[in-house]
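*Asks:* See query-v9.pdb below, with PDB, N, CA and C atoms.
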ATOM      1  N   MET A 739       0.835  -1.169   0.000
ATOM      2  CA  MET A 739       0.000   0.000   0.000
ATOM      3  C   MET A 739       0.891   1.246   0.000
ATOM      4  N   VAL A 740       0.521   2.251  -0.768
ATOM      5  CA  VAL A 740       1.288   3.493  -0.850
ATOM      6  C   VAL A 740       0.682   4.511   0.107
ATOM      7  N   LYS A 741       1.551   5.106   0.916
ATOM      8  CA  LYS A 741       1.114   6.134   1.862
ATOM      9  C   LYS A 741       1.869   7.414   1.564
ATOM     10  N   VAL A 742       1.226   8.530   1.813
ATOM     11  CA  VAL A 742       1.843   9.836   1.612
ATOM     12  C   VAL A 742       2.195  10.397   2.983
ATOM     13  N   VAL A 743       3.457  10.832   3.124
ATOM     14  CA  VAL A 743       3.904  11.419   4.392
ATOM     15  C   VAL A 743       4.731  12.668   4.097
ATOM     16  N   THR A 744       4.830  13.514   5.091
ATOM     17  CA  THR A 744       5.675  14.691   4.953
ATOM     18  C   THR A 744       7.088  14.354   5.422
ATOM     19  N   ALA A 745       8.041  15.145   5.009
ATOM     20  CA  ALA A 745       9.426  14.949   5.447
ATOM     21  C   ALA A 745       9.506  15.040   6.968
ATOM     22  N   TYR A 746       8.731  15.932   7.558
ATOM     23  CA  TYR A 746       8.718  16.070   9.018
ATOM     24  C   TYR A 746       8.224  14.790   9.683
ATOM     25  N   THR A 747       7.193  14.172   9.114
ATOM     26  CA  THR A 747       6.671  12.918   9.666
ATOM     27  C   THR A 747       7.728  11.821   9.594
ATOM     28  N   VAL A 748       8.449  11.764   8.495
ATOM     29  CA  VAL A 748       9.526  10.774   8.365
ATOM     30  C   VAL A 748      10.569  11.009   9.450
ATOM     31  N   LYS A 749      10.911  12.255   9.650
ATOM     32  CA  LYS A 749      11.924  12.610  10.652
ATOM     33  C   LYS A 749      11.469  12.230  12.062
ATOM     34  N   THR A 750      10.213  12.491  12.379
ATOM     35  CA  THR A 750       9.746  12.273  13.746
ATOM     36  C   THR A 750       9.232  10.859  14.010
ATOM     37  N   HIS A 751       8.901  10.119  12.965
ATOM     38  CA  HIS A 751       8.326   8.774  13.145
ATOM     39  C   HIS A 751       9.067   7.720  12.333
ATOM     40  N   LEU A 752      10.367   7.872  12.228
ATOM     41  CA  LEU A 752      11.144   6.957  11.384
ATOM     42  C   LEU A 752      11.002   5.499  11.821
ATOM     43  N   GLY A 753      11.022   5.229  13.100
ATOM     44  CA  GLY A 753      10.899   3.845  13.586
ATOM     45  C   GLY A 753       9.624   3.182  13.107
ATOM     46  N   ARG A 754       8.495   3.874  13.245
ATOM     47  CA  ARG A 754       7.213   3.332  12.802
ATOM     48  C   ARG A 754       7.213   3.116  11.292
ATOM     49  N   ILE A 755       7.762   4.070  10.559
ATOM     50  CA  ILE A 755       7.790   3.963   9.098
ATOM     51  C   ILE A 755       8.657   2.784   8.664
ATOM     52  N   LEU A 756       9.782   2.560   9.324
ATOM     53  CA  LEU A 756      10.633   1.409   8.989
ATOM     54  C   LEU A 756       9.913   0.095   9.252
ATOM     55  N   ARG A 757       9.129   0.022  10.340
ATOM     56  CA  ARG A 757       8.350  -1.189  10.607
ATOM     57  C   ARG A 757       7.324  -1.419   9.500
ATOM     58  N   GLU A 758       6.693  -0.341   9.063
ATOM     59  CA  GLU A 758       5.690  -0.464   8.004
ATOM     60  C   GLU A 758       6.331  -0.835   6.670
ATOM     61  N   LEU A 759       7.557  -0.388   6.438
ATOM     62  CA  LEU A 759       8.268  -0.799   5.216
ATOM     63  C   LEU A 759       8.451  -2.309   5.198
ATOM     64  N   ARG A 760       8.748  -2.869   6.365
ATOM     65  CA  ARG A 760       8.923  -4.316   6.466
ATOM     66  C   ARG A 760       7.642  -5.055   6.092
ATOM     67  N   GLU A 761       6.511  -4.399   6.271
ATOM     68  CA  GLU A 761       5.215  -4.998   5.933
ATOM     69  C   GLU A 761       4.814  -4.673   4.481
ATOM     70  N   ASN A 762       5.783  -4.245   3.689
ATOM     71  CA  ASN A 762       5.608  -3.957   2.266
ATOM     72  C   ASN A 762       4.793  -2.705   1.961
ATOM     73  N   ASP A 763       4.697  -1.796   2.911
ATOM     74  CA  ASP A 763       4.113  -0.494   2.604
ATOM     75  C   ASP A 763       5.161   0.345   1.896
ATOM     76  N   ARG A 764       4.707   1.309   1.131
ATOM     77  CA  ARG A 764       5.593   2.256   0.459
ATOM     78  C   ARG A 764       5.159   3.657   0.846
ATOM     79  N   PHE A 765       6.113   4.563   0.800
ATOM     80  CA  PHE A 765       5.834   5.932   1.202
ATOM     81  C   PHE A 765       6.305   6.911   0.139
ATOM     82  N   VAL A 766       5.444   7.858  -0.188
ATOM     83  CA  VAL A 766       5.839   8.985  -1.021
ATOM     84  C   VAL A 766       6.040  10.141  -0.046
ATOM     85  N   ILE A 767       7.218  10.737  -0.093
ATOM     86  CA  ILE A 767       7.563  11.797   0.852
ATOM     87  C   ILE A 767       7.370  13.150   0.172
ATOM     88  N   PHE A 768       6.621  14.010   0.839
ATOM     89  CA  PHE A 768       6.375  15.350   0.338
ATOM     90  C   PHE A 768       7.085  16.362   1.232
ATOM     91  N   ARG A 769       7.583  17.400   0.604
ATOM     92  CA  ARG A 769       8.146  18.529   1.334
ATOM     93  C   ARG A 769       7.623  19.789   0.667
ATOM     94  N   ARG A 770       6.986  20.627   1.466
ATOM     95  CA  ARG A 770       6.357  21.849   0.957
ATOM     96  C   ARG A 770       5.409  21.542  -0.204
ATOM     97  N   ASN A 771       4.608  20.521  -0.009
ATOM     98  CA  ASN A 771       3.575  20.102  -0.970
ATOM     99  C   ASN A 771       4.116  19.607  -2.305
ATOM    100  N   LEU A 772       5.391  19.229  -2.337
ATOM    101  CA  LEU A 772       5.971  18.658  -3.552
ATOM    102  C   LEU A 772       6.547  17.281  -3.236
ATOM    103  N   PRO A 773       6.318  16.291  -4.123
ATOM    104  CA  PRO A 773       6.923  14.979  -3.882
ATOM    105  C   PRO A 773       8.431  15.053  -4.067
ATOM    106  N   VAL A 774       9.174  14.570  -3.075
ATOM    107  CA  VAL A 774      10.634  14.646  -3.140
ATOM    108  C   VAL A 774      11.315  13.282  -3.046
ATOM    109  N   GLY A 775      10.583  12.256  -2.694
ATOM    110  CA  GLY A 775      11.221  10.948  -2.592
ATOM    111  C   GLY A 775      10.224   9.834  -2.360
ATOM    112  N   ILE A 776      10.759   8.623  -2.454
ATOM    113  CA  ILE A 776       9.957   7.422  -2.227
ATOM    114  C   ILE A 776      10.752   6.499  -1.308
ATOM    115  N   LEU A 777      10.076   5.920  -0.345
ATOM    116  CA  LEU A 777      10.684   4.885   0.498
ATOM    117  C   LEU A 777      10.001   3.566   0.184
ATOM    118  N   LEU A 778      10.801   2.555  -0.083
ATOM    119  CA  LEU A 778      10.269   1.218  -0.266
ATOM    120  C   LEU A 778      11.242   0.242   0.363
ATOM    121  N   SER A 779      10.763  -0.940   0.663
ATOM    122  CA  SER A 779      11.619  -1.929   1.327
ATOM    123  C   SER A 779      12.726  -2.387   0.381
ATOM    124  N   ILE A 780      13.790  -2.870   0.969
ATOM    125  CA  ILE A 780      14.912  -3.372   0.181
ATOM    126  C   ILE A 780      14.456  -4.557  -0.674
ATOM    127  N   HIS A 781      13.529  -5.361  -0.139
ATOM    128  CA  HIS A 781      13.027  -6.516  -0.891
ATOM    129  C   HIS A 781      12.246  -6.058  -2.127
ATOM    130  N   ASP A 782      11.425  -5.013  -1.973
ATOM    131  CA  ASP A 782      10.682  -4.480  -3.113
ATOM    132  C   ASP A 782      11.638  -3.918  -4.161
ATOM    133  N   TYR A 783      12.676  -3.223  -3.703
ATOM    134  CA  TYR A 783      13.636  -2.640  -4.640
ATOM    135  C   TYR A 783      14.325  -3.728  -5.465
ATOM    136  N   VAL A 784      14.753  -4.790  -4.791
ATOM    137  CA  VAL A 784      15.431  -5.891  -5.481
ATOM    138  C   VAL A 784      14.478  -6.575  -6.457
ATOM    139  N   LYS A 785      13.211  -6.757  -6.054
ATOM    140  CA  LYS A 785      12.222  -7.372  -6.940
ATOM    141  C   LYS A 785      12.001  -6.547  -8.207
ATOM    142  N   GLU A 786      12.082  -5.229  -8.060
ATOM    143  CA  GLU A 786      11.848  -4.349  -9.205
ATOM    144  C   GLU A 786      13.077  -4.196 -10.101
ATOM    145  N   HIS A 787      14.220  -4.741  -9.690
ATOM    146  CA  HIS A 787      15.452  -4.652 -10.475
ATOM    147  C   HIS A 787      16.087  -6.038 -10.642
ATOM    148  N   PRO A 788      15.335  -6.992 -11.193
ATOM    149  CA  PRO A 788      15.871  -8.353 -11.322
ATOM    150  C   PRO A 788      17.051  -8.446 -12.277
ATOM    151  N   ASP A 789      17.167  -7.471 -13.181
ATOM    152  CA  ASP A 789      18.280  -7.480 -14.123
ATOM    153  C   ASP A 789      19.585  -7.042 -13.453
ATOM    154  N   GLN A 790      19.500  -6.405 -12.286
ATOM    155  CA  GLN A 790      20.692  -5.900 -11.603
ATOM    156  C   GLN A 790      21.109  -6.745 -10.405
ATOM    157  N   PHE A 791      20.128  -7.316  -9.689
ATOM    158  CA  PHE A 791      20.438  -8.027  -8.441
ATOM    159  C   PHE A 791      19.734  -9.371  -8.400
ATOM    160  N   GLN A 792      20.462 -10.379  -7.898
ATOM    161  CA  GLN A 792      19.864 -11.708  -7.771
ATOM    162  C   GLN A 792      18.980 -11.790  -6.533
ATOM    163  N   ASP A 793      19.441 -11.194  -5.437
ATOM    164  CA  ASP A 793      18.701 -11.226  -4.183
ATOM    165  C   ASP A 793      19.182 -10.079  -3.304
ATOM    166  N   VAL A 794      18.649 -10.008  -2.090
ATOM    167  CA  VAL A 794      18.999  -8.914  -1.179
ATOM    168  C   VAL A 794      20.484  -8.941  -0.832
ATOM    169  N   GLU A 795      21.046 -10.128  -0.632
ATOM    170  CA  GLU A 795      22.479 -10.223  -0.321
ATOM    171  C   GLU A 795      23.331  -9.651  -1.446
ATOM    172  N   ASP A 796      22.962  -9.938  -2.669
ATOM    173  CA  ASP A 796      23.678  -9.407  -3.831
ATOM    174  C   ASP A 796      23.606  -7.883  -3.844
ATOM    175  N   PHE A 797      22.428  -7.342  -3.532
ATOM    176  CA  PHE A 797      22.249  -5.892  -3.476
ATOM    177  C   PHE A 797      23.148  -5.280  -2.400
ATOM    178  N   ILE A 798      23.173  -5.886  -1.227
ATOM    179  CA  ILE A 798      23.992  -5.364  -0.123
ATOM    180  C   ILE A 798      25.473  -5.454  -0.474
ATOM    181  N   ASP A 799      25.887  -6.563  -1.072
ATOM    182  CA  ASP A 799      27.287  -6.688  -1.505
ATOM    183  C   ASP A 799      27.651  -5.577  -2.486
ATOM    184  N   THR A 800      26.744  -5.302  -3.421
ATOM    185  CA  THR A 800      26.981  -4.244  -4.403
ATOM    186  C   THR A 800      27.122  -2.891  -3.715
ATOM    187  N   LEU A 801      26.243  -2.612  -2.761
ATOM    188  CA  LEU A 801      26.331  -1.339  -2.028
ATOM    189  C   LEU A 801      27.659  -1.211  -1.295
ATOM    190  N   LEU A 802      28.082  -2.297  -0.644
ATOM    191  CA  LEU A 802      29.344  -2.255   0.101
ATOM    192  C   LEU A 802      30.533  -2.057  -0.831
ATOM    193  N   GLU A 803      30.506  -2.749  -1.962
ATOM    194  CA  GLU A 803      31.592  -2.586  -2.934
ATOM    195  C   GLU A 803      31.651  -1.157  -3.453
ATOM    196  N   GLU A 804      30.492  -0.624  -3.815
ATOM    197  CA  GLU A 804      30.460   0.707  -4.400
ATOM    198  C   GLU A 804      30.805   1.804  -3.402
ATOM    199  N   SER A 805      30.634   1.536  -2.118
ATOM    200  CA  SER A 805      30.971   2.559  -1.126
ATOM    201  C   SER A 805      32.416   2.426  -0.636
ATOM    202  N   ASP A 806      33.129   1.404  -1.107
ATOM    203  CA  ASP A 806      34.512   1.188  -0.702
ATOM    204  C   ASP A 806      35.434   2.165  -1.449
ATOM    205  N   PRO A 807      36.189   2.994  -0.717
ATOM    206  CA  PRO A 807      37.058   3.975  -1.372
ATOM    207  C   PRO A 807      38.084   3.348  -2.324
ATOM    208  N   GLN A 808      38.632   2.202  -1.961
ATOM    209  CA  GLN A 808      39.618   1.541  -2.825
ATOM    210  C   GLN A 808      38.956   1.100  -4.136
ATOM    211  N   PHE A 809      37.754   0.600  -4.055
ATOM    212  CA  PHE A 809      37.008   0.201  -5.250
ATOM    213  C   PHE A 809      36.770   1.416  -6.145
ATOM    214  N   GLN A 810      36.380   2.535  -5.547
ATOM    215  CA  GLN A 810      36.148   3.759  -6.315
ATOM    216  C   GLN A 810      37.427   4.232  -7.004
ATOM    217  N   ARG A 811      38.560   4.155  -6.291
ATOM    218  CA  ARG A 811      39.831   4.545  -6.903
ATOM    219  C   ARG A 811      40.165   3.645  -8.084
ATOM    220  N   SER A 812      39.925   2.343  -7.938
ATOM    221  CA  SER A 812      40.241   1.422  -9.029
ATOM    222  C   SER A 812      39.341   1.674 -10.245
ATOM    223  N   LEU A 813      38.081   2.050 -10.016
ATOM    224  CA  LEU A 813      37.200   2.391 -11.133
ATOM    225  C   LEU A 813      37.695   3.631 -11.869
ATOM    226  N   LYS A 814      38.107   4.646 -11.112
ATOM    227  CA  LYS A 814      38.612   5.868 -11.739
ATOM    228  C   LYS A 814      39.887   5.590 -12.521
ATOM    229  N   LYS A 815      40.755   4.756 -11.949
ATOM    230  CA  LYS A 815      42.000   4.404 -12.638
ATOM    231  C   LYS A 815      41.684   3.660 -13.936
ATOM    232  N   ALA A 816      40.747   2.734 -13.875
ATOM    233  CA  ALA A 816      40.371   1.977 -15.075
ATOM    234  C   ALA A 816      39.792   2.896 -16.148
ATOM    235  N   ALA A 817      38.999   3.874 -15.734
ATOM    236  CA  ALA A 817      38.428   4.816 -16.705
ATOM    237  C   ALA A 817      39.532   5.629 -17.378
ATOM    238  N   ARG A 818      40.534   6.059 -16.596
ATOM    239  CA  ARG A 818      41.657   6.811 -17.183
ATOM    240  C   ARG A 818      42.432   5.945 -18.173
ATOM    241  N   GLU A 819      42.694   4.701 -17.786
ATOM    242  CA  GLU A 819      43.432   3.789 -18.659
ATOM    243  C   GLU A 819      42.659   3.522 -19.948
ATOM    244  N   THR A 820      41.362   3.375 -19.844
ATOM    245  CA  THR A 820      40.533   3.132 -21.026
ATOM    246  C   THR A 820      40.588   4.326 -21.968
ATOM    247  N   LYS A 821      40.511   5.542 -21.410
ATOM    248  CA  LYS A 821      40.593   6.746 -22.244
ATOM    249  C   LYS A 821      41.926   6.819 -22.971
ATOM    250  N   ARG A 822      42.989   6.318 -22.357
ATOM    251  CA  ARG A 822      44.319   6.344 -22.969
ATOM    252  C   ARG A 822      44.512   5.199 -23.960
ATOM    253  N   GLY A 823      43.499   4.348 -24.091
ATOM    254  CA  GLY A 823      43.594   3.237 -25.026
ATOM    255  C   GLY A 823      44.290   2.016 -24.449
ATOM    256  N   ARG A 824      44.481   2.005 -23.159
ATOM    257  CA  ARG A 824      45.151   0.868 -22.504
ATOM    258  C   ARG A 824      44.105  -0.080 -21.928
ATOM    259  N   TYR A 825      43.663  -0.993 -22.747
ATOM    260  CA  TYR A 825      42.690  -1.981 -22.307
ATOM    261  C   TYR A 825      42.780  -3.202 -23.203
ATOM    262  N   LEU A 826      42.163  -4.289 -22.759
ATOM    263  CA  LEU A 826      42.117  -5.520 -23.541
ATOM    264  C   LEU A 826      40.686  -5.732 -24.020
ATOM    265  N   SER A 827      40.553  -6.254 -25.213
ATOM    266  CA  SER A 827      39.224  -6.601 -25.711
ATOM    267  C   SER A 827      38.764  -7.878 -25.000
ATOM    268  N   HIS A 828      37.506  -8.171 -25.155
ATOM    269  CA  HIS A 828      36.944  -9.383 -24.555
ATOM    270  C   HIS A 828      37.697 -10.618 -25.052
ATOM    271  N   THR A 829      37.971 -10.664 -26.330
ATOM    272  CA  THR A 829      38.692 -11.798 -26.926
ATOM    273  C   THR A 829      40.094 -11.915 -26.339
ATOM    274  N   GLN A 830      40.786 -10.788 -26.180
ATOM    275  CA  GLN A 830      42.131 -10.809 -25.609
ATOM    276  C   GLN A 830      42.122 -11.324 -24.169
ATOM    277  N   VAL A 831      41.119 -10.933 -23.407
ATOM    278  CA  VAL A 831      41.015 -11.403 -22.021
ATOM    279  C   VAL A 831      40.775 -12.909 -22.002
ATOM    280  N   LYS A 832      39.876 -13.386 -22.860
ATOM    281  CA  LYS A 832      39.598 -14.823 -22.923
ATOM    282  C   LYS A 832      40.856 -15.609 -23.289
ATOM    283  N   LEU A 833      41.606 -15.115 -24.262
ATOM    284  CA  LEU A 833      42.843 -15.793 -24.664
ATOM    285  C   LEU A 833      43.872 -15.795 -23.539
ATOM    286  N   ALA A 834      44.001 -14.666 -22.853
ATOM    287  CA  ALA A 834      44.956 -14.577 -21.740
ATOM    288  C   ALA A 834      44.579 -15.551 -20.629
ATOM    289  N   LEU A 835      43.283 -15.648 -20.334
ATOM    290  CA  LEU A 835      42.842 -16.578 -19.285
ATOM    291  C   LEU A 835      43.042 -18.034 -19.724
ATOM    292  N   ALA A 836      42.780 -18.326 -20.993
ATOM    293  CA  ALA A 836      42.978 -19.684 -21.503
ATOM    294  C   ALA A 836      44.451 -20.055 -21.439
ATOM    295  N   ASN A 837      45.344 -19.146 -21.803
ATOM    296  CA  ASN A 837      46.776 -19.413 -21.726
ATOM    297  C   ASN A 837      47.230 -19.641 -20.298
ATOM    298  N   LYS A 838      46.615 -18.921 -19.373
ATOM    299  CA  LYS A 838      46.983 -19.079 -17.969
ATOM    300  C   LYS A 838      46.591 -20.473 -17.469
ATOM    301  N   LYS A 839      45.437 -20.973 -17.928
ATOM    302  CA  LYS A 839      44.974 -22.287 -17.520
ATOM    303  C   LYS A 839      45.887 -23.389 -18.072
ATOM    304  N   LEU A 840      46.444 -23.162 -19.253
ATOM    305  CA  LEU A 840      47.278 -24.160 -19.892
ATOM    306  C   LEU A 840      48.628 -24.315 -19.185
ATOM    307  N   ARG A 841      49.066 -23.324 -18.467
ATOM    308  CA  ARG A 841      50.370 -23.370 -17.812
ATOM    309  C   ARG A 841      50.384 -24.205 -16.584
TER     310      ARG A 841
END
As a first step, turn the structure in this file into structure tokens.
*Replies:*
Amino acid sequence: MVKVVTAYTVKTHLGRILRELRENDRFVIFRRNLPVGILLSIHDYVKEHPDQFQDVEDFIDTLLEESDPQFQRSLKKAARETKRGRYLSHTQVKLALANKKLR
């Protein structure tokens, strides 16, 4: 069920709202009479994104990886290397892995 709440209500009644999220309720948050956000349970979010996550654990793992500073640095480094033309094609990676297995 979708419920409409104000940002102030979320702030003052967060515990109750989190319990209701567990019961599969959803909330549209309004601030100054404008919708500014939606709260839904983690299970609902994962169900709505089956192409991205297998289950809740997969979603949590993804969040932890993406919030890891070292992971973020490695992504930025990879993007710089790609822009410089320093990368392997899919075929090259497959060949390199096959050669490694043969050794």
*Asks:* Tell me, which residues of range 774-841 of chain A carry DSSP strand (DSSP E), written as a list in words?
*Replies:* Val774, Gly775, Ile776 and Leu777 of chain A
*Asks:* As an NGL selection string, please: every residue in range 740-829 of chain A that a backbone DSSP assignment puts in alpha helix (DSSP H).
*Replies:* :A and (745-750 or 752-760 or 780-786 or 794-805 or 807-821 or 828-829)
*Asks:* Could you write those residues out with N, CA and C atoms, as a compact mmCIF listing (two decimals), in the frame of the given file?
*Replies:*
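Wrote result23.txt, looks like this:
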# COMPACT_ATOMS: atom_id res chain seq x y z
N ALA A 745 8.04 15.14 5.01
CA ALA A 745 9.43 14.95 5.45
C ALA A 745 9.51 15.04 6.97
N TYR A 746 8.73 15.93 7.56
CA TYR A 746 8.72 16.07 9.02
C TYR A 746 8.22 14.79 9.68
N THR A 747 7.19 14.17 9.11
CA THR A 747 6.67 12.92 9.67
C THR A 747 7.73 11.82 9.59
N VAL A 748 8.45 11.76 8.49
CA VAL A 748 9.53 10.77 8.36
C VAL A 748 10.57 11.01 9.45
N LYS A 749 10.91 12.26 9.65
CA LYS A 749 11.92 12.61 10.65
C LYS A 749 11.47 12.23 12.06
N THR A 750 10.21 12.49 12.38
CA THR A 750 9.75 12.27 13.75
C THR A 750 9.23 10.86 14.01
N LEU A 752 10.37 7.87 12.23
CA LEU A 752 11.14 6.96 11.38
C LEU A 752 11.00 5.50 11.82
N GLY A 753 11.02 5.23 13.10
CA GLY A 753 10.90 3.84 13.59
C GLY A 753 9.62 3.18 13.11
N ARG A 754 8.49 3.87 13.24
CA ARG A 754 7.21 3.33 12.80
C ARG A 754 7.21 3.12 11.29
N ILE A 755 7.76 4.07 10.56
CA ILE A 755 7.79 3.96 9.10
C ILE A 755 8.66 2.78 8.66
N LEU A 756 9.78 2.56 9.32
CA LEU A 756 10.63 1.41 8.99
C LEU A 756 9.91 0.10 9.25
N ARG A 757 9.13 0.02 10.34
CA ARG A 757 8.35 -1.19 10.61
C ARG A 757 7.32 -1.42 9.50
N GLU A 758 6.69 -0.34 9.06
CA GLU A 758 5.69 -0.46 8.00
C GLU A 758 6.33 -0.84 6.67
N LEU A 759 7.56 -0.39 6.44
CA LEU A 759 8.27 -0.80 5.22
C LEU A 759 8.45 -2.31 5.20
N ARG A 760 8.75 -2.87 6.36
CA ARG A 760 8.92 -4.32 6.47
C ARG A 760 7.64 -5.06 6.09
N ILE A 780 13.79 -2.87 0.97
CA ILE A 780 14.91 -3.37 0.18
C ILE A 780 14.46 -4.56 -0.67
N HIS A 781 13.53 -5.36 -0.14
CA HIS A 781 13.03 -6.52 -0.89
C HIS A 781 12.25 -6.06 -2.13
N ASP A 782 11.42 -5.01 -1.97
CA ASP A 782 10.68 -4.48 -3.11
C ASP A 782 11.64 -3.92 -4.16
N TYR A 783 12.68 -3.22 -3.70
CA TYR A 783 13.64 -2.64 -4.64
C TYR A 783 14.32 -3.73 -5.46
N VAL A 784 14.75 -4.79 -4.79
CA VAL A 784 15.43 -5.89 -5.48
C VAL A 784 14.48 -6.58 -6.46
N LYS A 785 13.21 -6.76 -6.05
CA LYS A 785 12.22 -7.37 -6.94
C LYS A 785 12.00 -6.55 -8.21
N GLU A 786 12.08 -5.23 -8.06
CA GLU A 786 11.85 -4.35 -9.20
C GLU A 786 13.08 -4.20 -10.10
N VAL A 794 18.65 -10.01 -2.09
CA VAL A 794 19.00 -8.91 -1.18
C VAL A 794 20.48 -8.94 -0.83
N GLU A 795 21.05 -10.13 -0.63
CA GLU A 795 22.48 -10.22 -0.32
C GLU A 795 23.33 -9.65 -1.45
N ASP A 796 22.96 -9.94 -2.67
CA ASP A 796 23.68 -9.41 -3.83
C ASP A 796 23.61 -7.88 -3.84
N PHE A 797 22.43 -7.34 -3.53
CA PHE A 797 22.25 -5.89 -3.48
C PHE A 797 23.15 -5.28 -2.40
N ILE A 798 23.17 -5.89 -1.23
CA ILE A 798 23.99 -5.36 -0.12
C ILE A 798 25.47 -5.45 -0.47
N ASP A 799 25.89 -6.56 -1.07
CA ASP A 799 27.29 -6.69 -1.50
C ASP A 799 27.65 -5.58 -2.49
N THR A 800 26.74 -5.30 -3.42
CA THR A 800 26.98 -4.24 -4.40
C THR A 800 27.12 -2.89 -3.72
N LEU A 801 26.24 -2.61 -2.76
CA LEU A 801 26.33 -1.34 -2.03
C LEU A 801 27.66 -1.21 -1.30
N LEU A 802 28.08 -2.30 -0.64
CA LEU A 802 29.34 -2.26 0.10
C LEU A 802 30.53 -2.06 -0.83
N GLU A 803 30.51 -2.75 -1.96
CA GLU A 803 31.59 -2.59 -2.93
C GLU A 803 31.65 -1.16 -3.45
N GLU A 804 30.49 -0.62 -3.82
CA GLU A 804 30.46 0.71 -4.40
C GLU A 804 30.80 1.80 -3.40
N SER A 805 30.63 1.54 -2.12
CA SER A 805 30.97 2.56 -1.13
C SER A 805 32.42 2.43 -0.64
N PRO A 807 36.19 2.99 -0.72
CA PRO A 807 37.06 3.98 -1.37
C PRO A 807 38.08 3.35 -2.32
N GLN A 808 38.63 2.20 -1.96
CA GLN A 808 39.62 1.54 -2.82
C GLN A 808 38.96 1.10 -4.14
N PHE A 809 37.75 0.60 -4.06
CA PHE A 809 37.01 0.20 -5.25
C PHE A 809 36.77 1.42 -6.14
N GLN A 810 36.38 2.54 -5.55
CA GLN A 810 36.15 3.76 -6.32
C GLN A 810 37.43 4.23 -7.00
N ARG A 811 38.56 4.16 -6.29
CA ARG A 811 39.83 4.54 -6.90
C ARG A 811 40.16 3.64 -8.08
N SER A 812 39.92 2.34 -7.94
CA SER A 812 40.24 1.42 -9.03
C SER A 812 39.34 1.67 -10.24
N LEU A 813 38.08 2.05 -10.02
CA LEU A 813 37.20 2.39 -11.13
C LEU A 813 37.70 3.63 -11.87
N LYS A 814 38.11 4.65 -11.11
CA LYS A 814 38.61 5.87 -11.74
C LYS A 814 39.89 5.59 -12.52
N LYS A 815 40.76 4.76 -11.95
CA LYS A 815 42.00 4.40 -12.64
C LYS A 815 41.68 3.66 -13.94
N ALA A 816 40.75 2.73 -13.88
CA ALA A 816 40.37 1.98 -15.08
C ALA A 816 39.79 2.90 -16.15
N ALA A 817 39.00 3.87 -15.73
CA ALA A 817 38.43 4.82 -16.70
C ALA A 817 39.53 5.63 -17.38
N ARG A 818 40.53 6.06 -16.60
CA ARG A 818 41.66 6.81 -17.18
C ARG A 818 42.43 5.94 -18.17
N GLU A 819 42.69 4.70 -17.79
CA GLU A 819 43.43 3.79 -18.66
C GLU A 819 42.66 3.52 -19.95
N THR A 820 41.36 3.38 -19.84
CA THR A 820 40.53 3.13 -21.03
C THR A 820 40.59 4.33 -21.97
N LYS A 821 40.51 5.54 -21.41
CA LYS A 821 40.59 6.75 -22.24
C LYS A 821 41.93 6.82 -22.97
N HIS A 828 37.51 -8.17 -25.16
CA HIS A 828 36.94 -9.38 -24.56
C HIS A 828 37.70 -10.62 -25.05
N THR A 829 37.97 -10.66 -26.33
CA THR A 829 38.69 -11.80 -26.93
C THR A 829 40.09 -11.92 -26.34
*Asks:* Just the number, please: distance in Å from CA of Val794 in chain A to CA of Asn762 in chain A, one decimal.
*Replies:*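 CA of Asn762 in chain A lies 14.7 Å from CA of Val794 in chain A.
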*Asks:* Please enumerate the residues selected by the PyMOL selection byres ((chain A and resi 770-781) around 8) when evaluated against the supplied file, formatted as a list in words.
*Replies:* Thr744, Ala745, Tyr746, Glu758, Leu759, Arg760, Glu761, Asn762, Asp763, Arg764, Phe765, Val766, Ile767, Phe768, Arg769, Asp782, Tyr783, Val784, Lys785, Glu786, His787, Asp793 and Val794 of chain A
*Asks:* For CA of Ala836 in chain A and CA of Ser812 in chain A, quote the distance in Å rounded to one decimal.
*Replies:*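 According to the coordinates, CA of Ala836 in chain A and CA of Ser812 in chain A are separated by 24.7 Å.
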*Asks:* What's the separation between atom N of Ile798 in chain A and atom N of Gly753 in chain A, in Å to one decimal place?
*Replies:*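 Interatomic distance, atom N of Ile798 in chain A to atom N of Gly753 in chain A: 21.8 Å.
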